[in-house]
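To keep things clear, I will list the structure first and then write my remarks on it.
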Amino acid sequence: MIQKKVCMLGTSAVGKTSLVRRFVHGIFSDTYLTTIGVKIDKKVVPVGGDEVTLLLWDLYGEDRFLKLSERYLRGAAGFFLVVDGTRRSTLDDALQLHTRVHTVLGEIPGIILLNKADLRQDWEVEEEDIGHLAEAGWKVLPTSAKNGMGVEDAFTNLAAQLLDA
Amino acid sequence: MMKASLIVRMLSSLDYALFEKGYGCFRLLADAPGWLINLWADADIGREIDLRTQFLYLDAFLEEAEAFWAVPRQEHLSSEIWTETDADGFEWLLEAIAFKEDGEELLLLKLATAGQQIMRQVLQESRELSLEYYQLCQAFNHREVMLHCVVHDLTTPLAGIKSSLSLLNDDTLSKDEVRELIDLGMRQVEKTRGLVHEVLEAFASKVPTMIDGVPNVHQTALEAVDMLRPVAALRNVSLEIEEAHTSDWLVRGDAHRLERIWYNLIDNALRYAPPGSTVKLQLYDEGSVIRCSVIDEGEGVTASMVPLLFRKFVQGAQQVGKAGLGLYYCRITVEGWGGTIHYRPGEHGGACFCFRIPKQTPNNP
Ligand SMILES: Nc1nc2c(ncn2[C@@H]2O[C@H](COP(=O)(O)OP(=O)(O)O)[C@@H](O)[C@H]2O)c(=O)[nH]1
Ligand SMILES: [Mg+2]
């Protein structure tokens, strides 16, 4: 059985924990409890005829209060860079975080998740921003941990990339 | 030996779990502390446990610990904090420490210290405050857009009053024509007063939308249509109201703003309606809500614009016309009353803007 470590990256309160809970346990909660250190969940994902076990490392959100420790990153095969669509600044934070992560992990598959798609009306991330990300070579997917939209797809998509890599 | 067993007991009462590395397994050297039993019911002194499968995080850390035990370069090696959830959903903050004494390879599992727990609380609170601050900024932004919107709308009736006054200057006007111009001017004055009232109301209250009065959604539609008849006539577009038979038109919200919503949607439709076409208003009683639609026979909205229609005016972003601002106003107002608004393509190609407002019922005040 192939196992792959996947890191959930992004600043605090963008929905990293909620995305994992939605994907692994099928639940969502509105209350916010900040993640400390890391919490690992796993789930077997079918890809084509194959299967891959994703070890999902839900990391604490890096922000001005706390920087991310390298220990949690090592050995990752792929990552999600999670952005809160309703807060434009979380996109800049994510990209900045990625440049640091890149020096530790090198070139590995990663997808940007524009989360809180259920609040699309209140998004501050513009079509134009999404265009720029695509131009820079990013795969960008909208998700909602709240209503489940795009979540399954996102994880399957990354799993497929990990098998190809 | 006595001393060693004492130390081992002390460790567990301090909530530490001390393991000794065996072949592929770890053996618990002391009584299991309570938290460990919560996570692993079979934990007991002397028991062997496959820590790697029990705690996924340790699978990665033990890799590093093996290297440390082979060649210890420092006194001990910490895993840093990780979180484990027990069967009741409680989250335990744990830390593993590898060290080597007299050639023994040891692993200590412990709960996060009081200091670390406090740090968690402080982090939690500071992050919540950051989020609240952000939301306040957004609410403030809402207000600003509203103000912008209303100020813009105040200038429209003023222009009407001005043109009525300048037309009155004409000596050749008949008595009836004069009366009509004065009447037109007075109506614009009334509209201005209404808007001013609305601004005062919005900025005096602490809550974003106030619910006062019981507006009649049908009546407000008629009033908005009346206001816009001259514009429609100028563009050679007819205005029609199609309503289901009900006498139950009382909804939540307030009449001024409801009329304004109609006004914005109809005004918008007239702008895109081709000459000779019809702009249709539909009102349906759906039980607990009234569904209201404004349908035109124009080009409709391009698919890529649809998600942007009801969004707030974002400075520096792509051009959002007057309609954009008006639709944003409609959305936050309707949603403030517990209603919804959306766009769909009309059946014959045009645009259809549709909003639903909860009825005013005794148990739905
Ligand atoms: N509306 C909405 N709220 C979400 C979504 N995902 C997360 N949240 C909320 O955002 C807050 C932070 O979520 P959390 O998963 O703890 O973020 P993390 O700090 O990145 O792990 C919580 O209050 C969640 O309920 C989403 O897709 N839609
Ligand atoms: Mg989290």
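If you're wondering about the labels, chains in the structure tokens are A, B, ... by order shown, residues count from 1 in each chain, ligands from 1 in order shown.
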Checklist entry - What residues in chain B have any atom no more than 7 Å from chain A when counting only C-alpha atoms, and can you write them as a PyMOL selection string? => result chain B and resi 56-57+81-84+120+124+310-311
Next on the checklist: Among segment 71-320 of chain B, which ones does DSSP assign to strand (DSSP E) (computed from the backbone)? Answer as a PyMOL selection string.
Outcome noted: chain B and resi 76-78+82-85+91-101+104-111+238-243+278-285+289-295
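Note that atom CA of Val71 of chain B and atom CA of Glu48 of chain B are 24.7 Å apart.
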Item to check | Given 10 Å and only C-alpha atoms and all ligand atoms, residues near ligand 1 as number ranges by chain | outcome: A: 8-22, 28-36, 58-62, 82-86, 114-120, 142-151; B: 124, 127-128, 131
